[in-house]
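One structure is given here, and the rest of the page talks about it.
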Amino acid sequence: PILTPTEPSTAISKTPILESASPSLLHRSLFEQPQTVSSASGSYLTLHDGRQILDGCGGAAVACIGHGNEEVMAATMAQMRKVSYVHTLSYTVDAAEELAHLLLHNPSSTNAHDFEKVYFVSSGSEANDAAMKLSRQFFFEQGQSQRKYFVARRQAYHGNTIGAMSVSSFVARKIPYEDMLLPYVSFVSPAYAYQYAQASESEAQYCARLIAELEAEFLRLGPENVISFIAEPVVGATSGCVASPRGYFPAVRKLCDKYGILLHLDEIMCGMGRTGTYFAFEQEEVVPDVVVVGKGLGGGYAPIAAVVISRKIVDGLRSGSSVFNHGHTYQAHPVACATALAVQRIVSRERLVQRCAKMGQLLERLLRETFGESKYVGDIRGRGLFWALEFVKDKATKSPLPKAIGFGLGVQQAAFDLGVALYPGGGTVDGVNGDHVLIAPPYIVSEADLT
Ligand code: PLP
């Protein structure tokens, strides 16, 4: 396959880079310079030329409490004054311990779960890698080293490191590295009713078909060889806010339990309140064995993500070596943890998860009123403040628009010209993923801004 410079999700209104003035920073593209943002406050970005842009996507669903929060800045500075850095091999700090405790015992979380430990890293990709290694070690310690397979879906983005990319299906990003990826990964169909449920099928029948396929795949691999099934409760970047059909995750949980396979949920994008509940899986009536959260955890104020680990996995380690031999220099970084703790305290105190659910209802209504009849808007879907418009050439056949790079990019540009930042996706990916634009404003977004 030929790699063309067409991957979407690059910056908007790019300026061509002249050879003579080439920046030192390696951007996504060598020949285009992204917009420079000179300041940001609340739900708005201010560009270098003074233009104000409503941050309608929070980067990619990152900015949950908005930009420029003084309380967070004060907490960051206070932690820097106390301890800016120590290595987790020998030390810990209160902020990291408190943040872990808050994740396990969050007042906004409605689900009864059995999580026991939290592991902090600096990105979603690292979190997925750590969760995959931890899951493998869980079985290894119990003498089940034959369990090597991860099963994921052909509509998934779990990150860019070799491990996380191996279980992702963002085909354009994988092409140059195909022969470097993990060998024991298998993919099943996405749970993506808009494109893949048959017209004659009920939701329950579609769900049953997907579950039968998953079980057949487990059996083909030998279920005793499978470590985990990895999925996003609401799929973000690849197809745009795609929730699975009702009953899907409970049935997946049942299958995993039947064969002793771990359920690994990726809530890097959809977690931390974004869908209107603290964890997105709370709306699915399941509890995973391991869940990863990221973007909304630090709200963009710090690069931080977390692996939230069930008692079952921790007990597995406890009865074995009791050591998770993984680690990064900046894991549980004191300043990142203190910053995220301040963000999460604001989210709790201001009841922003509940606000996100409420404002989400308004956003849904506005999107349906505004785009429901649009010629090229095939689907409007989402939860909380996590919404997408999927673009199609023909609403009846749902056939994609012909542009290789995706209509979403054009919509992103048009919205930007009107002063709103959106996040495009899909398009090129692999024919499984919808051509869409993502709308994910901060939880503090005002009614006036949405309108
Ligand atoms: N998982 C999901 C669902 C994501 O959306 C992303 C990033 O967009 C990642 C993992 C990777 O996170 P990061 O970019 O922080 O490595």
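Chains: A, B, ... in order of the structure tokens. Residues: from 1 per chain. Ligands: from 1, in order shown.
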field: Shell of 10 Å around ligand 1 (only C-alpha atoms and all ligand atoms), written as a count of residues only
entry: 44
task: Name all residues at most 10 Å from Gln354 of chain A (count only C-alpha atoms; drop same-chain ones fewer than 3 positions away) and give them as a PyMOL selection string.
output: chain A and resi 108+273+275-278+347-348+350-351+357-360+384+443
Residues of segment 202-315 of chain A that have any atom at most 10 Å from an atom of segment 95-100 of chain A: could you tabulate them with the shortest-distance atom pair and the distance in Å to one decimal, using only C-alpha atoms, ordered by chain and increasing number, as a tab-separated table?
```
residue	atom	partner	partner_atom	distance
A:Leu297	CA	A:Leu99	CA	9.8
A:Ala306	CA	A:Ala100	CA	8.7
A:Val307	CA	A:Ala100	CA	9.9
A:Val308	CA	A:Ala100	CA	8.7
```
- request: Would you mind telling me which residue in A:Phe249, A:Tyr259, A:Phe279, A:Tyr184 lies nearest to Lys148 of chain A when using only C-alpha atoms?
  value: A:Tyr184
Pick out the residues sitting within 10 Å of segment 250-257 of chain A, and hand them over as a PDB file with N, CA and C atoms, in the first residue's frame; count only C-alpha atoms, and ignore anything fewer than 5 positions along from it in its own chain.
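And here is the file that came out, out11.pdb:
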```pdb
ATOM      1  N   CYS A 207     -27.294  -7.417  17.967  1.00  0.00           N
ATOM      2  CA  CYS A 207     -26.442  -7.663  19.121  1.00  0.00           C
ATOM      3  C   CYS A 207     -26.082  -9.158  19.196  1.00  0.00           C
ATOM      4  N   ALA A 208     -27.073 -10.007  19.021  1.00  0.00           N
ATOM      5  CA  ALA A 208     -26.835 -11.458  19.101  1.00  0.00           C
ATOM      6  C   ALA A 208     -25.854 -11.896  18.011  1.00  0.00           C
ATOM      7  N   LEU A 210     -23.429 -10.092  16.714  1.00  0.00           N
ATOM      8  CA  LEU A 210     -22.078  -9.661  17.109  1.00  0.00           C
ATOM      9  C   LEU A 210     -21.506 -10.570  18.194  1.00  0.00           C
ATOM     10  N   ILE A 211     -22.360 -10.936  19.124  1.00  0.00           N
ATOM     11  CA  ILE A 211     -21.894 -11.778  20.234  1.00  0.00           C
ATOM     12  C   ILE A 211     -21.541 -13.178  19.713  1.00  0.00           C
ATOM     13  N   ALA A 212     -22.338 -13.677  18.772  1.00  0.00           N
ATOM     14  CA  ALA A 212     -22.032 -14.994  18.190  1.00  0.00           C
ATOM     15  C   ALA A 212     -20.687 -14.942  17.471  1.00  0.00           C
ATOM     16  N   LEU A 214     -18.196 -12.926  18.161  1.00  0.00           N
ATOM     17  CA  LEU A 214     -17.130 -12.827  19.165  1.00  0.00           C
ATOM     18  C   LEU A 214     -16.852 -14.195  19.780  1.00  0.00           C
ATOM     19  N   GLU A 215     -17.910 -14.920  20.095  1.00  0.00           N
ATOM     20  CA  GLU A 215     -17.696 -16.241  20.703  1.00  0.00           C
ATOM     21  C   GLU A 215     -16.995 -17.166  19.707  1.00  0.00           C
ATOM     22  N   PHE A 218     -13.368 -16.309  19.783  1.00  0.00           N
ATOM     23  CA  PHE A 218     -12.728 -16.868  20.985  1.00  0.00           C
ATOM     24  C   PHE A 218     -12.465 -18.363  20.782  1.00  0.00           C
ATOM     25  N   PRO A 223     -10.251 -20.306  23.569  1.00  0.00           N
ATOM     26  CA  PRO A 223     -10.484 -19.283  24.597  1.00  0.00           C
ATOM     27  C   PRO A 223      -9.434 -19.308  25.701  1.00  0.00           C
ATOM     28  N   VAL A 226      -6.712 -16.675  25.162  1.00  0.00           N
ATOM     29  CA  VAL A 226      -7.056 -15.253  25.030  1.00  0.00           C
ATOM     30  C   VAL A 226      -6.860 -14.539  26.368  1.00  0.00           C
ATOM     31  N   ILE A 227      -6.194 -13.390  26.324  1.00  0.00           N
ATOM     32  CA  ILE A 227      -5.970 -12.590  27.531  1.00  0.00           C
ATOM     33  C   ILE A 227      -7.183 -11.707  27.797  1.00  0.00           C
ATOM     34  N   SER A 228      -7.523 -10.863  26.796  1.00  0.00           N
ATOM     35  CA  SER A 228      -8.604  -9.905  27.052  1.00  0.00           C
ATOM     36  C   SER A 228      -9.316  -9.495  25.774  1.00  0.00           C
ATOM     37  N   PHE A 229     -10.505  -8.979  25.991  1.00  0.00           N
ATOM     38  CA  PHE A 229     -11.251  -8.317  24.922  1.00  0.00           C
ATOM     39  C   PHE A 229     -11.185  -6.828  25.233  1.00  0.00           C
ATOM     40  N   LEU A 262     -10.372 -11.528  30.290  1.00  0.00           N
ATOM     41  CA  LEU A 262     -10.551 -10.233  30.956  1.00  0.00           C
ATOM     42  C   LEU A 262     -11.258  -9.239  30.025  1.00  0.00           C
ATOM     43  N   LEU A 263     -12.045  -8.369  30.634  1.00  0.00           N
ATOM     44  CA  LEU A 263     -12.686  -7.288  29.870  1.00  0.00           C
ATOM     45  C   LEU A 263     -11.936  -5.989  30.161  1.00  0.00           C
ATOM     46  N   GLU A 284     -23.842   0.958  30.660  1.00  0.00           N
ATOM     47  CA  GLU A 284     -23.882  -0.327  29.953  1.00  0.00           C
ATOM     48  C   GLU A 284     -24.188  -1.509  30.862  1.00  0.00           C
ATOM     49  N   GLU A 285     -24.339  -1.226  32.151  1.00  0.00           N
ATOM     50  CA  GLU A 285     -24.614  -2.296  33.119  1.00  0.00           C
ATOM     51  C   GLU A 285     -23.549  -3.378  33.114  1.00  0.00           C
ATOM     52  N   VAL A 286     -22.310  -2.961  33.023  1.00  0.00           N
ATOM     53  CA  VAL A 286     -21.190  -3.906  33.177  1.00  0.00           C
ATOM     54  C   VAL A 286     -20.116  -3.241  34.024  1.00  0.00           C
ATOM     55  N   VAL A 287     -19.252  -4.068  34.549  1.00  0.00           N
ATOM     56  CA  VAL A 287     -18.057  -3.565  35.211  1.00  0.00           C
ATOM     57  C   VAL A 287     -16.875  -4.305  34.584  1.00  0.00           C
ATOM     58  N   PRO A 288     -15.903  -3.564  34.071  1.00  0.00           N
ATOM     59  CA  PRO A 288     -14.755  -4.232  33.437  1.00  0.00           C
ATOM     60  C   PRO A 288     -13.754  -4.725  34.488  1.00  0.00           C
ATOM     61  N   ASP A 289     -12.793  -5.523  34.034  1.00  0.00           N
ATOM     62  CA  ASP A 289     -11.700  -5.944  34.931  1.00  0.00           C
ATOM     63  C   ASP A 289     -10.635  -4.865  34.999  1.00  0.00           C
TER      64      ASP A 289
END
```
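Going from atom CA of Leu104 of chain A over to atom CA of Asn325 of chain A, you cover 22.5 Å.
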message: As an exercise, work out the distance from atom CA of Gly50 of chain A to atom CA of Ala74 of chain A in Å and give it to one decimal place.
response: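 Atom-to-atom, atom CA of Gly50 of chain A and atom CA of Ala74 of chain A are spaced 26.5 Å apart.
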task: Can you pull out every residue within 9 Å of Arg381 of chain A, counting only C-alpha atoms, but drop anything in the same chain fewer than 5 positions away, and send it as a ChimeraX atom specification?
output: /A:240-243,364,386-390
Write the residues of the preceding selection, restricted to N, CA and C atoms, as a PDB file, in the first residue's frame.
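File out-v4.pdb, as written:
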```pdb
ATOM      1  N   GLY A 240     -16.701   8.240  15.545  1.00  0.00           N
ATOM      2  CA  GLY A 240     -17.492   9.350  16.063  1.00  0.00           C
ATOM      3  C   GLY A 240     -18.645   8.932  16.949  1.00  0.00           C
ATOM      4  N   CYS A 241     -18.354   8.816  18.256  1.00  0.00           N
ATOM      5  CA  CYS A 241     -19.397   8.665  19.281  1.00  0.00           C
ATOM      6  C   CYS A 241     -20.361   7.508  19.010  1.00  0.00           C
ATOM      7  N   VAL A 242     -19.807   6.354  18.718  1.00  0.00           N
ATOM      8  CA  VAL A 242     -20.649   5.198  18.428  1.00  0.00           C
ATOM      9  C   VAL A 242     -20.810   4.344  19.686  1.00  0.00           C
ATOM     10  N   ALA A 243     -22.017   4.308  20.204  1.00  0.00           N
ATOM     11  CA  ALA A 243     -22.319   3.419  21.328  1.00  0.00           C
ATOM     12  C   ALA A 243     -22.769   2.075  20.757  1.00  0.00           C
ATOM     13  N   GLU A 364     -27.987  17.865  22.038  1.00  0.00           N
ATOM     14  CA  GLU A 364     -28.666  16.897  21.158  1.00  0.00           C
ATOM     15  C   GLU A 364     -29.845  17.563  20.441  1.00  0.00           C
ATOM     16  N   PHE A 386     -20.765  14.543  24.108  1.00  0.00           N
ATOM     17  CA  PHE A 386     -19.904  13.752  23.227  1.00  0.00           C
ATOM     18  C   PHE A 386     -20.766  13.350  22.039  1.00  0.00           C
ATOM     19  N   TRP A 387     -20.735  14.204  20.988  1.00  0.00           N
ATOM     20  CA  TRP A 387     -21.647  14.018  19.866  1.00  0.00           C
ATOM     21  C   TRP A 387     -20.894  14.024  18.544  1.00  0.00           C
ATOM     22  N   ALA A 388     -21.473  13.341  17.563  1.00  0.00           N
ATOM     23  CA  ALA A 388     -20.886  13.330  16.230  1.00  0.00           C
ATOM     24  C   ALA A 388     -21.968  13.456  15.175  1.00  0.00           C
ATOM     25  N   LEU A 389     -21.571  14.066  14.073  1.00  0.00           N
ATOM     26  CA  LEU A 389     -22.406  14.048  12.868  1.00  0.00           C
ATOM     27  C   LEU A 389     -21.677  13.160  11.877  1.00  0.00           C
ATOM     28  N   GLU A 390     -22.338  12.133  11.362  1.00  0.00           N
ATOM     29  CA  GLU A 390     -21.719  11.298  10.327  1.00  0.00           C
ATOM     30  C   GLU A 390     -22.221  11.738   8.959  1.00  0.00           C
TER      31      GLU A 390
END
```
task: Based on DSSP run over this structure's backbone, return all residues of segment 27-229 of chain A in alpha helix (DSSP H), as a VMD selection string.
output: chain A and resid 58 to 61 70 to 82 94 to 104 124 to 140 162 to 166 171 to 174 193 to 196 203 to 221
Backbone DSSP call of strand (DSSP E or B) for segment 75-214 of chain A, listed as JSON, numbers by chain: {"A": [115, 116, 117, 118, 119, 120, 121, 149, 150, 151, 152, 153, 185, 186, 187, 188]}
Could you save those same residues with C-alpha atoms as a tab-separated table (two decimals), in the first residue's frame?
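Wrote again.tsv, looks like this:
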```tsv
chain	number	residue	atom	x	y	z
A	115	PHE	CA	-11.63	-1.54	41.60
A	116	GLU	CA	-8.74	-1.68	44.01
A	117	LYS	CA	-5.74	0.11	42.54
A	118	VAL	CA	-4.87	2.89	40.13
A	119	TYR	CA	-1.72	3.25	38.04
A	120	PHE	CA	-0.87	6.69	36.60
A	121	VAL	CA	0.97	7.24	33.32
A	149	TYR	CA	-4.17	-13.13	22.32
A	150	PHE	CA	-5.85	-9.77	22.58
A	151	VAL	CA	-9.16	-9.46	20.76
A	152	ALA	CA	-10.26	-5.99	19.68
A	153	ARG	CA	-12.73	-4.50	17.22
A	185	VAL	CA	-4.07	-9.81	18.01
A	186	SER	CA	-7.36	-10.58	16.38
A	187	PHE	CA	-10.21	-8.28	15.35
A	188	VAL	CA	-13.96	-8.75	15.29
```
